[in-house]
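Step one of this worksheet: look at the structure below.
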There are 4 protein chains.
Amino acid sequence: MKKVKVGVAGYGTIGQRLADGVAKQGDMELVGIADFAPTLAIRALYEKGMPYDLYLVDGADQSAFEKLGIPVKGNFDALLDQVDIMLDSSPAGVGAKNKLLYEKKGIKAVFQGGESNEVADVFFHGYANYEKGVGRDYLKLTSCNTTGLIRTIDCLDRAYGVKKTAITIIRRVADPGDYHRGLTNALKVDKAPTHQAVDLMTIMPHVDATGILVQTPVTHGHIITVVVTGKNKITKEMALEAFEKHPRIRVVSTDDGFLGNASFFKYGRDLGHARGDLYEIGLWEDSIVESGDDLMFAIHIPQESVTIPETMDAVRAACKMQLTREEGTAATNQYLGIGKFKTMFK
Amino acid sequence: MKKVKVGVAGYGTIGQRLADGVAKQGDMELVGIADFAPTLAIRALYEKGMPYDLYLVDGADQSAFEKLGIPVKGNFDALLDQVDIMLDSSPAGVGAKNKLLYEKKGIKAVFQGGESNEVADVFFHGYANYEKGVGRDYLKLTSCNTTGLIRTIDCLDRAYGVKKTAITIIRRVADPGDYHRGLTNALKVDKAPTHQAVDLMTIMPHVDATGILVQTPVTHGHIITVVVTGKNKITKEMALEAFEKHPRIRVVSTDDGFLGNASFFKYGRDLGHARGDLYEIGLWEDSIVESGDDLMFAIHIPQESVTIPETMDAVRAACKMQLTREEGTAATNQYLGIGKFKTMFK
Amino acid sequence: MKKVKVGVAGYGTIGQRLADGVAKQGDMELVGIADFAPTLAIRALYEKGMPYDLYLVDGADQSAFEKLGIPVKGNFDALLDQVDIMLDSSPAGVGAKNKLLYEKKGIKAVFQGGESNEVADVFFHGYANYEKGVGRDYLKLTSCNTTGLIRTIDCLDRAYGVKKTAITIIRRVADPGDYHRGLTNALKVDKAPTHQAVDLMTIMPHVDATGILVQTPVTHGHIITVVVTGKNKITKEMALEAFEKHPRIRVVSTDDGFLGNASFFKYGRDLGHARGDLYEIGLWEDSIVESGDDLMFAIHIPQESVTIPETMDAVRAACKMQLTREEGTAATNQYLGIGKFKTMFK
Amino acid sequence: MKKVKVGVAGYGTIGQRLADGVAKQGDMELVGIADFAPTLAIRALYEKGMPYDLYLVDGADQSAFEKLGIPVKGNFDALLDQVDIMLDSSPAGVGAKNKLLYEKKGIKAVFQGGESNEVADVFFHGYANYEKGVGRDYLKLTSCNTTGLIRTIDCLDRAYGVKKTAITIIRRVADPGDYHRGLTNALKVDKAPTHQAVDLMTIMPHVDATGILVQTPVTHGHIITVVVTGKNKITKEMALEAFEKHPRIRVVSTDDGFLGNASFFKYGRDLGHARGDLYEIGLWEDSIVESGDDLMFAIHIPQESVTIPETMDAVRAACKMQLTREEGTAATNQYLGIGKFKTMFK
């Protein structure tokens with residue numbers, strides 16, 4: 001089978017991981033990445049020996065790269081001429097402009113959560129609505145929190161039926177290495193309802209959702225507490241049974257040493273994963289509690305890497321590599337090595 | 001009327017504020033405070049000119065005080081001989097030992113949330129169960145989070161009836177000036193259910209409650225998100241109407257500049273309050289959302305000072321200064337200046 | 001003697017404290033403060049009962065204040081018509097524009113460190129160059145770090161002669177309550193030399209100075225380590241003797257419980273000072289070490305309040321209230337209650 | 001040549017990296033690692049497929065490992081029987097006890113900085129005193145800060161001669177994933193002089209050194225500012241020339257995007273290094289300033305990984321694999337891939 005040819009626009013926090021993700025897919029070919037300036041990420045790419053070809057987006061100053069000896073393969077146009085589909089992780093708003101170029105070239109694209117919903121034909125989640133993306137040209141991924149959250153709600157919904165949910169997002173305010181944004185000794189409350197609850201209802205319209213988001217001065221992953229009401233009562237045991245079968249949910253406990261968001265970051269590093277990344281969300285077994293008919297639990301969202309698997313799913317759907325949710329997500333999981341050790345400690 | 005004579009054991013974060021709180025009550029007399037070592041708090045008391053008399057608990061090294069010129073009025077026994085009631089804010093566990101002394105002397109006592117429930121006859125909250133404390137000898141206050149949380153649940157319950165609640169406590173991990181505990185770039189998840197939900201059910205046994213607590217690396221106040229299910233649907237308007245009438249709940253909005261927990265700390269400082277303290281909890285008007293029959297909102301708990309009013313209530317109940325919740329809390333509110341400006345910005 | 005009439009432009013972090021500082025000076029009269037919008041600080045002023053009259057700067061929306069019931073005394077022009085001197089703590093850059101108004105009205109002004117040096121006739125420090133400010137119209141204060149640092153260098157220089165200094169500023173990145181700036185899990189290195197070293201040389205041109213500034217994610221005060229080379233060797237004992245005599249330097253030790261910057265903040269709160277502020281810098285006795293001919297020590301800078309005394313000095317100099325450094329600083333110290341208990345624990 | 005057989009005791013933050021470091025040395029063989037409990041690091045080792053054999057130290061509960069299916073190769077004794085030299089990164093104090101076992105077995109050992117100096121024959125630094133370690137049985141590495149600091153002082157000393165230094169250590173208080181220690185919104189000042197200055201003088205007795213250490217609430221690397229006085233004046237250009245030749249010093253600038261300690265962490269992750277680690281210290285070109293005869297600059301210490309190269313050097317010295325500093329450090333650098341791209345951006 002001919003490999004699907006993929007390009008990545010924007011080699012930032014997400015773009016780097018998308019490129020690595022594509023490079024791992026046996027049935028995709030990473031044609032190259034495109035960026036604007038010799039950032040630390042580009043310098044590191046060069047120090048690694050240019051495993052990916054570099055193209056420059058319009059307006060980039062090629063001489064800045066030449067001065068450093070960083071080889072440039074061509075301009076954005078040259079990249080677009082070679083690919084079937086673009087993964088666009090440009091700064092928010094740029095993707096909408098890029099879309100005009102993609103349309104002109106007749107290539108497909110997957111946008112990240114920062115773009116407005118209008119940019120896409122489908123607001124996409126690999127597990128919740130894969131089939132809606134099949135054969136479509138422009139898909140937009142859910143944001144990191146929504147992606148992880150939907151894994152759990154969709155999981156419970158398919159197993160038992162979910163009626164409503166109320167979430168509290170305890171958000172990390174910056175990524176490791178960010179200096180342009182930050183928060184110091186403060187928790188910041190955003191106006192409610194938070195967009196992730198609204199987005200969930202767009203993807204899963206039969207579920208009532210609301211929520212509050214609080215920003216916190218940390219960098220290693222969001223934590224979300226989820227209150228769920230099932231169509232019928234969902235017990236802790238029922239929930240655990242469903243969660244443990246899900247390849248992209250890693251069930252852990254504080255007794256095992258997973259004391260918080262930073263434990264996952266440490267664990268990813270100890271696993272030797274590139275950048276210490278994890279593709280799975282974490283779910284604390286000992287956070288699951290029942291109250292009347294409600295179920296409550298806490299999850300961990302590795303904000304830098306969590307959307308990579310669902311983006312690979314999106315390529316599979318858009319390019320009709322697999323036609324069903326089961327086949328599409330299974331292929332992604334296999335290439336990314338997801339789910340292999342999930343139940344090792346049970 | 002003869003003033004009730006009060007002593008304070010333990011002049012730490014809470015003890016200092018209890019002493020200040022008693023000193024403001026026109027119908028109480030602060031006989032003195034007791035502590036163990038010349039801490040920063042004691043040094044500051046001395047630098048202020050000893051507004052409160054200092055007694056030493058057993059085992060204290062009097063020479064350490066003498067070396068600094070800090071006057072000592074007497075030992076713990078001498079303090080106990082003069083008081084009607086002790087406010088015990090000793091380190092957790094010490095209160096239980098002190099109780100033996102209080103019993104011997106035949107004096108009453110109010111313990112803080114760190115002590116075990118067994119130390120007291122009544123687990124007390126000024127608004128939720130004032131009458132249970134009337135005339136009793138040993139009362140234990142709810143902890144800071146529980147105290148603030150119950151203000152809101154009791155408020156809704158009395159107005160409309162509450163069936164259940166699920167809370168997420170986003171906890172500040174240390175107080176300003178703490179070096180013996182801390183958390184750095186991490187969110188820590190505790191085993192669920194968190195004790196505050198359990199404690200709420202002890203005080204309000206007709207309400208189902210559960211919750212998850214996450215520690216965060218900040219010092220200026222906890223934030224709790226609360227999901228509440230009423231006996232009948234409680235709308236945002238209904239909730240607001242009840243909250244705005246409550247003297248110890250300050251309704252604010254992010255549009256007014258209350259962006260998070262640190263805004264309350266700043267506001268308390270700008271008000272010129274001693275230590276920048278606030279006695280009221282904050283409640284964000286623009287955090288209140290509905291989801292099906294549920295109501296959700298976020299509150300701010302000023303951990304250092306929030307229990308002071310309810311502790312004053314406890315003295316009033318124990319010493320039968322006022323026999324009803326309405327009269328007891330009203331007296332406390334008047335002396336502490338609570339509620340005067342609550343609705344100024346509406 | 002007629003009191004000097006003072007106005008404050010900009011009621012932010014510094015402006016609030018300048019107003020409070022002026023209000024404490026027995027020989028000054030605070031005519032009023034001017035601001036732009038009903039910030040938390042203005043709301044707190046209103047909740048306190050408007051102890052200071054409020055004037056609105058040009059462009060302010062008066063209706064926003066009226067809607068909240070906050071009384072407005074007049075416009076900026078009306079304030080300027082009544083004062084002898086303005087303390088300008090407007091956002092950086094605004095002071096330069098305001099100066100044109102001050103010149104037109106023929107009134108003096110003191111600017112804060114954020115303005116460019118050109119705005120002023122004299123770059124001023126109460127202890128280092130008081131006489132240069134006497135009778136001058138436009139003075140600019142040194143920034144918070146420079147103000148505190150110069151207290152120590154000038155102190156050693158007058159006692160023993162100082163040849164050079166190399167400083168490391170460990171800077172707090174935000175004030176309590178700031179959400180518009182912050183840093184999360186990062187130390188940020190600025191290009192060297194840092195401006196405080198350059199500013200020191202402007203004020204004390206006979207001293208060679210350089211330094212590096214590192215931003216840290218905390219809010220309660222900067223810490224500066226200072227390496228000083230005297231004209232002749234300065235021993236730890238010599239340094240201590242000089243520091244302990246300085247009214248605006250508070251010598252402390254870690255053994256007393258002053259473990260870091262947050263201890264000073266706690267101490268200021270425990271003292272019952274408004275906002276928990278301290279006017280003195282802290283200096284750790286047990287940080288003073290010698291290395292060859294060099295002396296090294298660490299100081300604490302309470303960034304919100306440290307420039308208030310030197311600004312009062314500036315008013316005294318500009319308005320010829322006192323003609324010498326000794327008399328001017330002594331008057332400020334007396335009215336602000338500085339130095340009373342400085343040596344209590346020695 | 002027969003490979004030197006190496007074991008690692010304690011598979012924590014340092015131990016994991018020591019094991020990885022040994023595994024990269026073409027002339028060493030990692031026999032196995034020893035630990036006590038199924039920590040996250042051990043679980044990750046298992047999830048990776050046990051690339052290193054696991055031995056249990058005395059007192060470990062083997063059944064805890066068996067329950068998880070983690071294979072155990074043998075006890076500590078069995079490990080010691082197979083190795084030539086142990087790298088001991090046990091918790092502080094345990095190394096001294098282990099030494100008795102090493103002596104009994106007649107094997108050599110290298111201890112980390114947490115052990116007391118008495119445990120070792122030589123206090124070792126690969127660049128500063130390699131020859132002192134040649135053929136010796138028990139070596140102790142300098143701590144992370146001292147290791148990085150000495151790289152720079154030794155570098156300048158060999159090139160130009162150094163007379164004295166005064167350092168300010170801006171210390172990260174915890175590692176990513178630590179929950180047992182932390183600091184929140186505070187800078188903590190330790191008593192001076194800090195031990196790193198004292199340790200430097202032990203290794204380089206002809207240099208006068210002193211310093212102050214301040215703890216900060218971050219996890220990604222220490223920053224040290226260094227004031228150095230040469231035997232003759234060292235200019236910025238002279239210093240840069242020496243630093244740029246040093247394989248274990250990476251000269252960077254803020255203009256390139258290295259804005260602080262977190263930039264190095266990000267860069268190590270972007271490089272795809274295991275755990276995002278860097279073996280080199282960072283040195284900011286635009287932090288280098290002169291003041292009179294003094295030179296001042298700032299360096300970054302990656303606390304988790306910086307001692308790994310010097311520990312490999314220690315094995316080489318102790319086991320006489322190379323007899324000179326030049327050969328020993330060159331071999332380590334080659335196997336660890338150090339220095340290859342150091343000057344790429346110049």
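Please note that chains go A, B, ... in the order of the structure tokens, that every chain numbers its residues from 1, and that ligands are numbered from 1 in the order shown.
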Counting only C-alpha atoms, which residues from chain A have an atom at most 9 Å from any atom of chain B, and could you show them as a ChimeraX atom specification?
/A:164-166,168,170,184-193,208-212,214-223,225,227,253-254,258-263,284,286-292,294,296-298
Compile the contact shell of region 142-159 of chain C as a VMD selection string: residues with an atom at most 9 Å away, counting only C-alpha atoms, same-chain residues fewer than 4 positions apart removed.
chain C and resid 112 to 114 123 to 128 163 165 169 171 195 to 197 199 to 200 203 to 204 222 to 224 226 228 230 to 231 234 238 to 239 242 to 243 246 248 to 249 280 to 281 299 to 307 310
I need the residues in region 251-309 of chain D that are strand (DSSP E) according to DSSP; give them as a ChimeraX atom specification.
/D:251-252,281-284,289-291,294-301
How many Å lie between CA of Tyr160 (chain B) and CA of Glu241 (chain B), rounded to one decimal?
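Computing the Euclidean distance for CA of Tyr160 (chain B) and CA of Glu241 (chain B) yields 11.3 Å.
CA of Tyr46 (chain C) lies 22.3 Å from CA of Asp175 (chain C).
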May I have the residues within 12 Å of Asp20 (chain A) as a PyMOL selection string, using only C-alpha atoms and disregarding those fewer than 6 positions away in the same chain?
(chain A and resi 6-8+11+13-14+28-33+45+51-52+273-275+277+305+308-309+312+335-336) or (chain D and resi 270+272)
Those same residues, written as a short mmCIF file (atom, residue, chain, number, x, y, z; two decimals), in the first residue's frame with N, CA and C atoms?
```
data_model
loop_
_atom_site.label_atom_id
_atom_site.label_comp_id
_atom_site.auth_asym_id
_atom_site.auth_seq_id
_atom_site.Cartn_x
_atom_site.Cartn_y
_atom_site.Cartn_z
N VAL A 6 2.54 13.09 4.56
CA VAL A 6 2.09 14.04 5.57
C VAL A 6 3.12 15.14 5.77
N GLY A 7 2.65 16.35 5.92
CA GLY A 7 3.51 17.47 6.30
C GLY A 7 3.02 18.08 7.60
N VAL A 8 3.92 18.78 8.29
CA VAL A 8 3.56 19.42 9.55
C VAL A 8 3.89 20.90 9.46
N TYR A 11 6.51 23.97 13.98
CA TYR A 11 7.31 22.96 14.70
C TYR A 11 7.49 23.41 16.15
N THR A 13 5.57 23.13 20.26
CA THR A 13 5.32 22.07 21.24
C THR A 13 4.52 20.92 20.62
N ILE A 14 3.43 21.24 19.93
CA ILE A 14 2.60 20.20 19.33
C ILE A 14 3.22 19.70 18.02
N MET A 28 2.46 5.81 7.02
CA MET A 28 2.52 7.24 6.65
C MET A 28 3.97 7.60 6.37
N GLU A 29 4.15 8.68 5.60
CA GLU A 29 5.49 9.18 5.34
C GLU A 29 5.53 10.66 5.73
N LEU A 30 6.48 11.02 6.59
CA LEU A 30 6.63 12.43 6.96
C LEU A 30 7.48 13.12 5.89
N VAL A 31 6.86 13.94 5.09
CA VAL A 31 7.59 14.63 4.02
C VAL A 31 8.47 15.73 4.59
N GLY A 32 7.97 16.44 5.55
CA GLY A 32 8.78 17.49 6.15
C GLY A 32 7.98 18.36 7.09
N ILE A 33 8.70 19.26 7.71
CA ILE A 33 8.05 20.19 8.64
C ILE A 33 8.35 21.60 8.17
N LEU A 45 16.64 20.23 16.31
CA LEU A 45 16.49 19.38 15.13
C LEU A 45 17.82 19.32 14.36
N PRO A 51 16.81 14.94 11.15
CA PRO A 51 16.03 13.74 10.80
C PRO A 51 14.81 14.09 9.93
N TYR A 52 14.31 15.31 10.02
CA TYR A 52 13.17 15.72 9.20
C TYR A 52 13.60 16.87 8.31
N HIS A 273 10.85 7.63 27.19
CA HIS A 273 10.11 8.18 26.06
C HIS A 273 10.74 9.49 25.62
N ALA A 274 10.70 9.76 24.30
CA ALA A 274 11.19 11.04 23.81
C ALA A 274 10.45 12.14 24.54
N ARG A 275 11.21 13.10 25.07
CA ARG A 275 10.68 14.25 25.83
C ARG A 275 9.95 13.82 27.10
N ASP A 277 7.32 12.04 27.13
CA ASP A 277 5.89 12.15 26.82
C ASP A 277 5.12 10.85 27.10
N SER A 305 1.25 16.09 24.69
CA SER A 305 1.27 14.91 23.82
C SER A 305 -0.07 14.22 23.66
N ILE A 308 -1.82 13.76 20.18
CA ILE A 308 -1.10 13.12 19.06
C ILE A 308 -1.84 11.88 18.55
N PRO A 309 -2.25 10.96 19.42
CA PRO A 309 -2.94 9.76 18.89
C PRO A 309 -4.22 10.12 18.12
N MET A 312 -3.43 11.35 14.73
CA MET A 312 -3.12 10.25 13.81
C MET A 312 -4.43 9.58 13.35
N TYR A 335 1.06 1.51 16.17
CA TYR A 335 2.28 2.22 15.75
C TYR A 335 2.88 3.07 16.87
N LEU A 336 2.03 3.60 17.74
CA LEU A 336 2.54 4.44 18.83
C LEU A 336 2.90 3.62 20.07
N ASP D 270 13.91 18.48 23.51
CA ASP D 270 13.80 18.61 22.07
C ASP D 270 14.90 17.82 21.36
N GLY D 272 15.73 15.03 22.16
CA GLY D 272 15.39 13.61 22.23
C GLY D 272 16.25 12.83 23.21
#
```
For Asp77 (chain A), list every protein, DNA or RNA residue within 10 Å, evaluated using only C-alpha atoms, and leave out those in the same chain fewer than 3 positions away; present the list as a ChimeraX atom specification.
/A:55-58,74,80-82,101-102,105
Output file for the selection above: C-alpha atoms, as a short mmCIF file (atom, residue, chain, number, x, y, z; two decimals), in the first residue's frame:
```cif
data_model
loop_
_atom_site.label_atom_id
_atom_site.label_comp_id
_atom_site.auth_asym_id
_atom_site.auth_seq_id
_atom_site.Cartn_x
_atom_site.Cartn_y
_atom_site.Cartn_z
CA TYR A 55 10.68 23.99 4.81
CA LEU A 56 10.13 27.66 5.49
CA VAL A 57 6.71 29.27 5.69
CA ASP A 58 6.12 32.53 3.86
CA GLY A 74 12.38 24.59 0.29
CA LEU A 80 2.47 21.40 0.00
CA ASP A 81 3.21 20.09 -3.51
CA GLN A 82 4.40 16.79 -2.06
CA LEU A 101 -3.38 27.45 0.48
CA TYR A 102 -4.44 23.88 1.24
CA LYS A 105 -3.48 22.80 -3.70
#
```
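Note that CA of Phe264 (chain B) and CA of Leu283 (chain B) are 10.7 Å apart.
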Those of region 100-256 of chain D in DSSP helix (DSSP H, G or I), formatted as a PyMOL selection string:
chain D and resi 100-105+117-119+130-133+144-160+195-203+236-245+254-256
Need the shell around Pro91 (chain B): protein/DNA/RNA residues with any atom at most 9 Å away, counting only C-alpha atoms. Skip same-chain ones fewer than 6 positions apart. Format as a list of chain:residue names?
B:Gly10, B:Gly12, B:Gly114, B:Glu115
Just the selected residues (N, CA, C and O atoms), exported as a CSV table (one decimal), in the first residue's frame, please.
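As written to disk, selection-v3.csv reads:
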```
chain,number,residue,atom,x,y,z
B,10,GLY,N,-1.7,28.6,72.0
B,10,GLY,CA,-1.1,28.4,70.7
B,10,GLY,C,-1.2,29.7,69.9
B,10,GLY,O,-2.3,30.0,69.4
B,12,GLY,N,-0.1,30.7,66.9
B,12,GLY,CA,0.4,30.5,65.6
B,12,GLY,C,-0.5,31.2,64.6
B,12,GLY,O,-1.2,32.2,64.9
B,114,GLY,N,-7.9,20.7,63.5
B,114,GLY,CA,-6.8,19.7,63.4
B,114,GLY,C,-7.0,18.6,64.5
B,114,GLY,O,-6.4,17.5,64.3
B,115,GLU,N,-7.7,18.9,65.5
B,115,GLU,CA,-7.9,17.9,66.6
B,115,GLU,C,-8.9,16.8,66.1
B,115,GLU,O,-9.7,17.0,65.2
```
